[in-house]
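Structure data (compact mmCIF, C-alpha atoms) from start_14.txt:
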```txt
# COMPACT_ATOMS: atom_id res chain seq x y z
CA MET O 9 5.38 17.08 -13.67
CA ASP O 10 7.35 17.35 -10.45
CA THR O 11 5.50 17.84 -7.19
CA HIS O 12 5.58 21.19 -5.41
CA VAL O 13 9.28 21.63 -4.60
CA LEU O 14 9.77 24.07 -1.73
CA TYR O 15 13.55 23.90 -1.43
CA ARG O 16 16.32 22.73 -3.72
CA SER O 17 19.82 23.55 -2.48
CA LYS O 18 21.45 23.67 -5.91
CA GLU O 19 19.32 26.73 -6.72
CA LEU O 20 20.86 28.70 -3.81
CA ALA O 21 24.20 30.25 -3.01
CA PRO O 22 26.17 27.96 -0.64
CA ARG O 23 26.25 30.57 2.13
CA ASP O 24 22.43 30.79 2.18
CA ARG O 25 21.55 27.11 2.02
CA ILE O 26 21.42 26.18 5.71
CA SER O 27 19.58 29.31 6.89
CA ILE O 28 16.93 28.94 4.19
CA TRP O 29 16.68 25.20 4.91
CA ASN O 30 15.89 25.99 8.57
CA ASP O 31 13.17 28.44 7.54
CA VAL O 32 11.53 26.06 5.04
CA VAL O 33 11.53 23.12 7.49
CA TRP O 34 10.08 25.32 10.26
CA ARG O 35 7.23 26.53 8.04
CA ASN O 36 6.29 23.16 6.54
CA TYR O 37 6.44 20.82 9.50
CA VAL O 38 5.95 22.35 12.95
CA PRO O 39 8.26 24.81 14.78
CA LEU O 40 11.53 22.96 15.35
CA SER O 41 15.09 23.54 16.50
CA ILE O 42 17.54 22.33 13.84
CA GLN O 43 21.22 21.65 14.46
CA ILE O 44 23.46 21.25 11.40
CA ALA O 45 27.24 21.35 11.47
CA PRO O 46 28.60 24.13 9.23
CA HIS O 47 29.02 22.64 5.78
CA ASP O 48 30.68 24.04 2.66
CA ASN O 49 28.52 21.94 0.38
CA PHE O 50 25.14 21.57 2.08
CA VAL O 51 22.68 19.59 -0.04
CA GLY O 52 18.97 19.31 0.62
CA ARG O 53 15.51 19.15 -0.90
CA VAL O 54 11.97 19.63 0.46
CA ALA O 55 8.81 18.85 -1.52
CA LEU O 56 5.13 19.00 -0.64
CA SER O 57 2.17 16.90 -1.76
CA GLN O 58 -1.23 15.86 -0.39
CA LEU O 59 -3.15 12.69 0.44
CA GLY O 60 -6.68 13.94 1.01
CA ASN O 61 -6.25 16.54 3.73
CA VAL O 62 -2.99 14.96 4.92
CA ARG O 63 0.18 16.84 3.96
CA ILE O 64 3.11 14.75 2.73
CA VAL O 65 6.42 16.55 3.15
CA THR O 66 9.37 14.71 1.64
CA SER O 67 12.80 15.98 2.57
CA GLY O 68 16.41 14.89 2.62
CA SER O 69 19.78 16.47 3.36
CA ARG O 70 23.10 16.19 5.18
CA PRO O 71 23.30 14.86 8.79
CA GLN O 72 21.45 16.90 11.42
CA ARG O 73 19.47 16.83 14.67
CA ILE O 74 15.89 18.13 14.89
CA SER O 75 14.22 18.91 18.24
CA ARG O 76 10.71 19.83 19.33
CA THR O 77 11.04 21.45 22.75
CA PRO O 78 8.35 22.34 25.33
CA LYS O 79 8.96 26.02 24.53
CA LEU O 80 8.29 25.45 20.82
CA ILE O 81 5.18 23.39 21.59
CA ALA O 82 3.80 26.25 23.71
CA GLN O 83 4.16 28.60 20.73
CA ASP O 84 2.23 26.34 18.37
CA ASP O 85 -1.42 25.29 18.04
CA ASP O 86 -0.86 22.49 15.51
CA ASP O 87 -1.81 19.03 16.71
CA TYR O 88 -0.51 16.19 14.55
CA LEU O 89 0.31 12.53 14.78
CA MET O 90 3.25 12.42 12.39
CA LEU O 91 4.28 9.34 10.45
CA GLY O 92 7.86 9.25 9.21
CA LEU O 93 8.77 6.76 6.47
CA GLN O 94 12.51 6.29 5.93
CA LEU O 95 13.27 6.48 2.20
CA GLN O 96 17.06 6.62 2.32
CA GLY O 97 19.70 6.41 5.07
CA SER O 98 18.69 5.96 8.71
CA SER O 99 17.32 7.95 11.64
CA VAL O 100 16.69 7.76 15.38
CA ILE O 101 13.43 9.16 16.77
CA GLU O 102 13.33 9.84 20.51
CA GLN O 103 10.09 10.45 22.45
CA HIS O 104 8.75 9.33 25.85
CA ASP O 105 12.22 8.06 26.81
CA ARG O 106 12.15 5.62 23.89
CA GLN O 107 14.28 5.45 20.77
CA ALA O 108 13.14 4.10 17.42
CA LEU O 109 15.85 3.22 14.89
CA LEU O 110 14.65 3.44 11.29
CA ARG O 111 16.25 2.02 8.18
CA ARG O 112 14.93 2.21 4.64
CA GLY O 113 11.31 1.06 4.49
CA ASP O 114 10.65 1.35 8.25
CA PHE O 115 8.21 3.88 9.66
CA VAL O 116 7.40 5.45 13.02
CA LEU O 117 4.82 7.71 14.65
CA TRP O 118 5.45 10.72 16.88
CA ASP O 119 3.18 13.18 18.66
CA THR O 120 3.73 16.91 18.03
CA ARG O 121 2.18 17.77 21.43
CA ARG O 122 5.08 16.10 23.24
CA PRO O 123 8.82 16.89 23.02
CA TYR O 124 10.86 14.78 20.62
CA ASP O 125 14.21 14.57 18.87
CA ILE O 126 15.07 13.18 15.44
CA VAL O 127 18.69 12.41 14.62
CA PHE O 128 19.89 11.78 11.07
CA PRO O 129 23.48 10.52 11.48
CA ASN O 130 24.22 10.38 7.73
CA ASP O 131 22.73 11.65 4.48
CA TRP O 132 19.02 10.82 4.54
CA GLU O 133 15.57 11.16 2.99
CA MET O 134 12.23 10.80 4.78
CA ALA O 135 8.58 11.21 3.83
CA VAL O 136 6.49 12.63 6.68
CA PHE O 137 2.70 12.18 6.58
CA GLN O 138 1.12 14.87 8.78
CA PHE O 139 -2.09 13.30 10.11
CA PRO O 140 -4.41 15.56 12.11
CA ARG O 141 -4.54 13.86 15.49
CA ASP O 142 -8.31 13.28 15.45
CA MET O 143 -8.04 11.07 12.34
CA PHE O 144 -7.03 8.17 14.60
CA THR O 145 -9.47 6.80 17.17
CA LEU O 146 -6.75 6.56 19.81
CA THR O 147 -6.69 7.59 23.45
CA ASN O 148 -3.79 9.61 24.82
CA ARG O 149 -2.63 6.45 26.61
CA ALA O 150 -2.53 4.50 23.34
CA ILE O 151 -0.68 7.27 21.50
CA ASP O 152 1.90 7.49 24.28
CA SER O 153 2.43 3.72 23.96
CA ILE O 154 3.04 3.54 20.19
CA THR O 155 5.05 6.69 19.46
CA ALA O 156 8.82 6.32 18.94
CA THR O 157 8.35 2.59 18.28
CA THR O 158 9.86 1.18 15.08
CA LEU O 159 7.30 -0.33 12.71
CA MET O 160 9.48 -2.50 10.52
CA GLY O 161 8.65 -2.56 6.84
CA ARG O 162 9.95 -6.06 6.15
CA THR O 163 7.43 -8.55 7.57
CA GLY O 164 3.76 -8.89 8.47
CA VAL O 165 1.07 -6.26 8.17
CA THR O 166 3.63 -3.48 8.66
CA HIS O 167 5.34 -4.70 5.48
CA ILE O 168 2.05 -4.26 3.60
CA ALA O 169 1.56 -0.80 5.11
CA ALA O 170 5.15 0.24 4.36
CA ALA O 171 4.77 -0.87 0.73
CA LEU O 172 1.63 1.27 0.38
CA LEU O 173 3.23 4.27 2.07
CA MET O 174 6.35 3.92 -0.09
CA SER O 175 4.24 3.79 -3.25
CA ILE O 176 2.29 6.89 -2.20
CA ALA O 177 5.50 8.75 -1.30
CA ASN O 178 7.10 7.87 -4.63
CA GLU O 179 4.03 8.79 -6.68
CA ALA O 180 3.64 12.01 -4.66
CA ARG O 181 6.92 13.18 -6.22
CA HIS O 182 5.01 13.69 -9.47
CA HIS O 183 1.42 14.52 -8.52
CA SER O 184 -0.94 15.11 -5.61
CA PHE O 185 -3.54 12.75 -4.13
CA GLU O 186 -5.45 15.72 -2.66
CA HIS O 187 -8.77 14.54 -4.11
CA ARG O 188 -8.34 10.84 -3.32
CA ALA O 189 -10.31 10.47 -0.09
CA SER O 190 -10.85 6.74 -0.70
CA LEU O 191 -7.08 6.16 -0.83
CA LEU O 192 -6.71 8.05 2.45
CA ASP O 193 -9.45 5.91 4.05
CA HIS O 194 -7.70 2.74 2.88
CA THR O 195 -4.36 3.99 4.25
CA LEU O 196 -5.89 4.92 7.62
CA GLY O 197 -7.52 1.51 7.90
CA LEU O 198 -4.25 -0.29 7.25
CA LEU O 199 -2.33 1.93 9.68
CA SER O 200 -4.97 1.38 12.36
CA LEU O 201 -4.45 -2.37 11.96
CA CYS O 202 -0.68 -1.90 12.41
CA ILE O 203 -1.24 0.24 15.50
CA ASP O 204 -3.65 -2.29 17.02
CA ASP O 205 -1.09 -5.08 16.53
CA GLN O 206 1.62 -2.92 18.10
CA LEU O 207 -0.55 -2.11 21.12
CA ILE O 208 -1.28 -5.80 21.65
CA SER O 209 2.43 -6.62 21.48
CA CYS O 210 3.06 -3.87 24.07
CA ASN O 211 0.37 -5.38 26.36
CA VAL O 212 -1.83 -2.30 26.05
CA PRO O 213 -5.36 -3.68 25.59
CA PRO O 214 -7.92 -1.18 24.30
CA ALA O 215 -10.00 0.47 26.99
CA TYR O 216 -13.76 -0.08 26.85
CA ASP O 217 -14.33 3.59 25.91
CA GLU O 218 -11.92 3.14 22.99
CA VAL O 219 -13.84 0.13 21.68
CA LEU O 220 -17.12 1.98 22.17
CA PHE O 221 -15.79 5.08 20.40
CA ARG O 222 -14.91 2.99 17.33
CA ARG O 223 -18.35 1.36 17.32
CA ILE O 224 -20.01 4.76 17.51
CA ASN O 225 -17.86 6.07 14.66
CA ASN O 226 -18.78 3.06 12.53
CA TYR O 227 -22.45 3.64 13.33
CA ILE O 228 -22.17 7.30 12.33
CA SER O 229 -20.42 6.35 9.07
CA SER O 230 -23.23 3.97 8.16
CA SER O 231 -25.96 6.50 9.05
CA LEU O 232 -24.72 9.69 7.37
CA ALA O 233 -27.47 9.66 4.74
CA ASP O 234 -30.12 9.96 7.47
CA PRO O 235 -30.90 13.70 7.80
CA GLU O 236 -32.47 13.00 11.21
CA LEU O 237 -29.24 11.55 12.65
CA CYS O 238 -28.77 13.26 16.01
CA VAL O 239 -26.82 13.02 19.25
CA ALA O 240 -29.73 11.66 21.28
CA ASP O 241 -30.39 8.80 18.85
CA ILE O 242 -26.70 7.88 18.68
CA ALA O 243 -26.49 7.80 22.48
CA GLY O 244 -29.65 5.71 22.80
CA GLU O 245 -28.48 3.25 20.14
CA HIS O 246 -25.43 2.50 22.29
CA GLY O 247 -27.10 2.44 25.70
CA LEU O 248 -25.64 5.78 26.77
CA SER O 249 -26.93 9.08 28.05
CA VAL O 250 -26.11 12.16 25.99
CA ARG O 251 -23.75 13.28 28.77
CA GLN O 252 -21.88 9.95 28.66
CA LEU O 253 -21.60 10.21 24.88
CA TYR O 254 -20.12 13.72 25.14
CA ARG O 255 -17.62 12.50 27.74
CA ILE O 256 -16.35 9.72 25.46
CA PHE O 257 -15.84 12.09 22.53
CA LYS O 258 -14.19 14.73 24.72
CA GLU O 259 -11.36 12.28 25.42
CA TYR O 260 -10.61 12.31 21.68
CA HIS O 261 -10.66 16.12 21.46
CA CYS O 262 -13.74 16.27 19.22
CA THR O 263 -17.52 16.46 19.44
CA VAL O 264 -20.22 14.19 18.00
CA VAL O 265 -21.51 17.02 15.80
CA ASP O 266 -18.00 17.70 14.48
CA VAL O 267 -17.53 14.05 13.53
CA ILE O 268 -20.89 13.87 11.74
CA ARG O 269 -20.21 17.11 9.86
CA ARG O 270 -16.67 16.14 8.86
CA GLN O 271 -17.67 12.68 7.62
CA ARG O 272 -20.58 14.11 5.62
CA LEU O 273 -18.36 16.74 4.04
CA GLU O 274 -15.78 14.09 3.11
CA ARG O 275 -18.44 11.97 1.39
CA ILE O 276 -19.83 15.00 -0.41
CA LYS O 277 -16.40 16.13 -1.56
CA GLU O 278 -15.63 12.66 -2.90
CA ASP O 279 -18.92 12.62 -4.84
CA ILE O 280 -18.37 16.12 -6.23
CA ILE O 281 -14.98 15.20 -7.71
CA SER O 282 -16.03 11.73 -8.89
CA PRO O 283 -16.57 11.36 -12.67
CA ARG O 284 -19.54 9.12 -11.83
CA SER O 285 -21.35 12.08 -10.26
CA ARG O 286 -20.54 14.77 -12.80
CA HIS O 287 -24.16 15.03 -13.98
CA ILE O 288 -25.64 15.11 -10.45
CA THR O 289 -26.26 18.58 -9.03
CA ILE O 290 -24.30 19.65 -5.98
CA ALA O 291 -27.57 20.25 -4.11
CA ALA O 292 -28.65 16.66 -4.79
CA ILE O 293 -25.31 15.33 -3.54
CA ALA O 294 -25.60 17.42 -0.36
CA ARG O 295 -29.12 16.13 0.31
CA LYS O 296 -27.96 12.55 -0.33
CA TRP O 297 -25.61 12.90 2.64
CA GLY O 298 -28.02 14.56 5.05
CA PHE O 299 -27.63 18.31 4.33
CA LEU O 300 -31.15 19.55 3.60
CA ASP O 301 -30.40 23.26 4.10
CA ILE O 302 -28.32 24.02 0.99
CA PRO O 303 -27.26 27.61 1.87
CA HIS O 304 -26.06 26.31 5.25
CA PHE O 305 -24.24 23.45 3.52
CA ASN O 306 -22.44 25.88 1.18
CA ARG O 307 -21.23 27.97 4.12
CA VAL O 308 -20.02 24.92 6.07
CA PHE O 309 -18.28 23.44 3.02
CA LYS O 310 -16.43 26.69 2.22
CA SER O 311 -15.39 27.12 5.85
CA HIS O 312 -13.98 23.58 5.95
CA TYR O 313 -12.30 23.36 2.52
CA LYS O 314 -11.61 27.08 1.83
CA THR O 315 -13.39 26.79 -1.50
CA THR O 316 -17.01 26.47 -2.61
CA PRO O 317 -18.45 23.17 -3.89
CA ARG O 318 -18.93 24.72 -7.33
CA GLU O 319 -15.33 25.99 -7.46
CA LEU O 320 -14.06 22.56 -6.43
CA ARG O 321 -16.02 20.87 -9.20
CA ARG O 322 -14.64 23.34 -11.75
CA GLN O 323 -11.07 22.69 -10.56
CA VAL O 324 -11.43 18.94 -10.99
CA THR O 325 -13.63 18.93 -14.12
CA PRO O 326 -12.83 22.26 -15.85
CA ASN O 327 -14.73 21.37 -19.02
CA LEU O 328 -18.08 21.14 -17.27
```

Could you write out this structure as structure tokens?
Amino acid sequence: MDTHVLYRSKELAPRDRISIWNDVVWRNYVPLSIQIAPHDNFVGRVALSQLGNVRIVTSGSRPQRISRTPKLIAQDDDDYLMLGLQLQGSSVIEQHDRQALLRRGDFVLWDTRRPYDIVFPNDWEMAVFQFPRDMFTLTNRAIDSITATTLMGRTGVTHIAAALLMSIANEARHHSFEHRASLLDHTLGLLSLCIDDQLISCNVPPAYDEVLFRRINNYISSSLADPELCVADIAGEHGLSVRQLYRIFKEYHCTVVDVIRRQRLERIKEDIISPRSRHITIAAIARKWGFLDIPHFNRVFKSHYKTTPRELRRQVTPNL
């Protein structure tokens, strides 16, 4: 079965193809300005899939220029660190006065909170992974240093990452990885390794707060099953005051409580959809990961995933 195709030019009258293309791209990436020379035979395709809670939008078309201007940013609340993987053709991504040239198999990151331009000089295809910004434990300084920098998919750890991303993008043409949180974790870990190597090569050593933030996140991940896990204990475990702990997390646009809640919900969701847990009650799974108040857990889960735990289990295992 084909993935969710949002736009296929051959299904449209030639006179409507470019205007509808602009609308579909606007709605499925972030608000953008698109410049395409008038074309009698415009060809394009846009398809959507998922990797956990990361959207994968694969598109390709005739040559064009795409811009994210300060005015468009001001109109938009979305906050992504985008990853573009070149599948066919080439592109140039411009941000922070840098240009990244991509050929097939290369990938690049860009920040939707800062202006950027993407130029496709010839026919092209690209898979864009839309990572919520807080998925990466990166300071603003680090993000500014690695965006619009070509990560070549031919050698080293970036070759390994590009091969994984290419495999995911190709498989996403046929089905979704929406319920594959472990694959997303593996992908994030590999990308973080690529980013760390790139920062070192750019002579941008991690700040102490960045190192500390990662240690704290690792500590939280290993302590999620403890229902007594709290801000004060986390701060004390790392020689910090609660105020210092809040300051560190504020730099990453999140709170300690948000991180604990999100990680617990991710573990619970993965258990709910796992065949290994099909005979374990949802309440037992919630308690396993530190949620003792089940009505509260159900409300938080539905607010986060827009579905109830029971509905999710039915979707994944309809015969239960």

Counting all atoms listed in the file, what are the residues of segment 185-290 of chain O within 7 Å of segment 149-167 of chain O, and for each of them which pair of atoms is the nearest and at what distance in Å, to one decimal? Sort the table by chain and rising number, as a Markdown table.
```
| residue | atom | partner | partner_atom | distance |
| --- | --- | --- | --- | --- |
| O:Cys202 | CA | O:Thr166 | CA | 5.9 |
| O:Gln206 | CA | O:Ile154 | CA | 6.9 |
| O:Leu207 | CA | O:Ile154 | CA | 6.8 |
```

With distances taken over only C-alpha atoms, which of O:Ser75, O:Glu245, O:His104, O:Asp86 is nearest to Asp125 of chain O?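 Nearest to Asp125 of chain O: O:Ser75.
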
Residues near Arg25 of chain O, anyone? I mean within 12 Å using only C-alpha atoms, not counting same-chain ones fewer than 3 positions away, as a ChimeraX atom specification. /O:15-22,28-32,44,46-53,69-70

d(atom CA of Leu253 of chain O, atom CA of Phe299 of chain O) in Å: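 Spanning atom CA of Leu253 of chain O to atom CA of Phe299 of chain O is a straight-line distance of 22.9 Å.
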
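Taking atom CA of Asp204 of chain O and atom CA of Gln252 of chain O as endpoints, the distance between them is 24.9 Å.
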